[in-house]
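Scroll down for the structure; my scribbles are underneath it.
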Amino acid sequence: MAQITAGLVKELRERTGAGMMDCKKALTETDGNIEQAIDLLREKGLSKAAKKAGRVAAEGCVADYIDEAKQVAVLAEVNCETDFVAKTDEYKALATSVAKHIAENNPADVAVLAEQEFAGTGKKVAEVITESIAKIGENISIRRFTRYEYGSNVIGAYIHGGGRIGVLVELEGGDAALAKDIAMHIAAANPGYLHRDEVPTDVLEHEKEVLSEQARNEGKPEKIIEKMVIGRIQKYYKEVCLVDQEFVKDPDKTITALCKEHNATIKRFVRYQLGEGIEKKETDFAAEVMSFVK
């Protein structure tokens with residue numbers, strides 16, 4: 001039987017993030033073979049992680065990564081369960097490493113990403129995430145990402161609130177300062193579309209129906225409701241279309257006017273808000289504690 005030294009336990013703990021007693025037990029079971037002990041802990045970790053995989057992960061962070069040399073930019077949302085974990089350096093580093101991997105490997109979607117080898121580790125991205133679940137103790141998922149190859153254009157990125165909102169915007173013309181300003185504007189104003197012609201017909205028709213009903217509820221006669229709706233649709237465009245919005249730093253000018261001043265054109269943008277669309281589970285904390293007591 002090999003001697004299980006404190007140094008060996010420490011090394012295993014540093015390499016796996018597992019608890020000290022778990023490391024000692026794994027080394028004992030494998031007669032001090034650290035590689036076998038790592039495999040054993042991974043196997044146990046995979047079992048633990050599987051139990052966490054069904055939990056709602058609506059916290060986390062939106063991370064960006066820009067490779068100026070290769071002219072590639074990525075925005076990725078990586079979710080966990082609690083804001084406490086999301087604020088840790090370890091978790092932020094994981095999210096950034098995922099964004100970097102996407103920039104370098106160009107997966108088609110999240111499913112393809114999960115099967116790619118992660119940063120030369122010899123492990124799939126899905127395996128690395130599962131190991132992180134076991135180590136951190138929360139469900140973790142890569143929810144979505146956007147990858148831009150922007151060539152000779154200008155890219156602007158902005159992360160707000162420690163990763164609660166993230167934006168990428170690509171400009172033809174202009175400069176980095178303008179791109180950053182527009183990215184910050186997008187974070188604040190939350191446009192749904194770039195141009196008016198991007199608003200889907202069904203969305204526009206629904207808005208017209210709502211506006212017509214509003215006018216009727218205000219007691220307006222039918223003969224002028226149509227004209228009122230046309231006017232209010234113009235206001236709607238200014239609310240949801242980026243180029244029509246008033247610039248948050250100078251409301252006297254629109255984004256279109258701002259771009260014209262700098263000979264720039266906005267080609268595309270993406271805005272992620274952490275957890276949007278995820279149904280969060282409401283928990284009665286006292287009842288949860290009592291369930292463990294029982």
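Ligands are numbered from 1 in the order shown, residues from 1 within each chain, and chains are lettered A, B, ... in the order they appear in the structure tokens.
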
Long-range neighbours of segment 249-253 of chain A as a PDB file with C-alpha atoms, in the first residue's frame, 10 Å cut-off, only C-alpha atoms, 6 positions minimum in chain:
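Final output, result_6.pdb:
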ATOM      1  CA  ASP A 181     -21.103  54.380 -27.745  1.00  0.00           C
ATOM      2  CA  ILE A 182     -23.622  52.589 -29.951  1.00  0.00           C
ATOM      3  CA  MET A 184     -23.796  51.160 -24.790  1.00  0.00           C
ATOM      4  CA  HIS A 185     -26.904  52.712 -26.353  1.00  0.00           C
TER       5      HIS A 185
END

**Request:** Enumerate the residues of segment 109-280 of chain A with a DSSP assignment of strand (DSSP E or B), computed from the backbone, and present them as a PyMOL selection string.
**Result:** chain A and resi 117+124+141-149+154-160+165-172+193+241+246-247+250-254+265-273

**Nearest residue to Val72 of chain A from the set A:Ser97, A:Gln245, A:Asn190, A:Thr146 (distances using only C-alpha atoms)** = A:Thr146

**Message:** So that I can see what lies close to segment 19-33 of chain A, please list as a ChimeraX atom specification the residues with an atom at most 6 Å from it, counting only C-alpha atoms and leaving out residues fewer than 3 positions away in the same chain.
**Reply:** /A:1-2,9,36-37

**Item:** Residue list (alpha helix (DSSP H), DSSP) for segment 46-181 of chain A, as a ChimeraX atom specification
**Value:** /A:46-52,83-86,89-105,110-115,125-136,176-181

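Each of A:Val167, A:Met228, A:Cys259, A:Ala189 was checked against Tyr148 of chain A using only C-alpha atoms; the smallest atom-to-atom distance is that of A:Val167.
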
**Prompt:** Pick from A:Val128, A:Leu242, A:Ala58, A:Leu94: nearest to Gly277 of chain A, with only C-alpha atoms counted?
**Reply:** A:Ala58

**Item:** Nearest candidate to Ile159 of chain A (options A:Arg271, A:His262, A:Lys123, A:Lys235; using only C-alpha atoms)
**Value:** A:Arg271

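Counting only C-alpha atoms, the residue from A:Gly173, A:Gly275, A:Gly219, A:Gly163 that sits nearest to Lys260 of chain A is A:Gly173.
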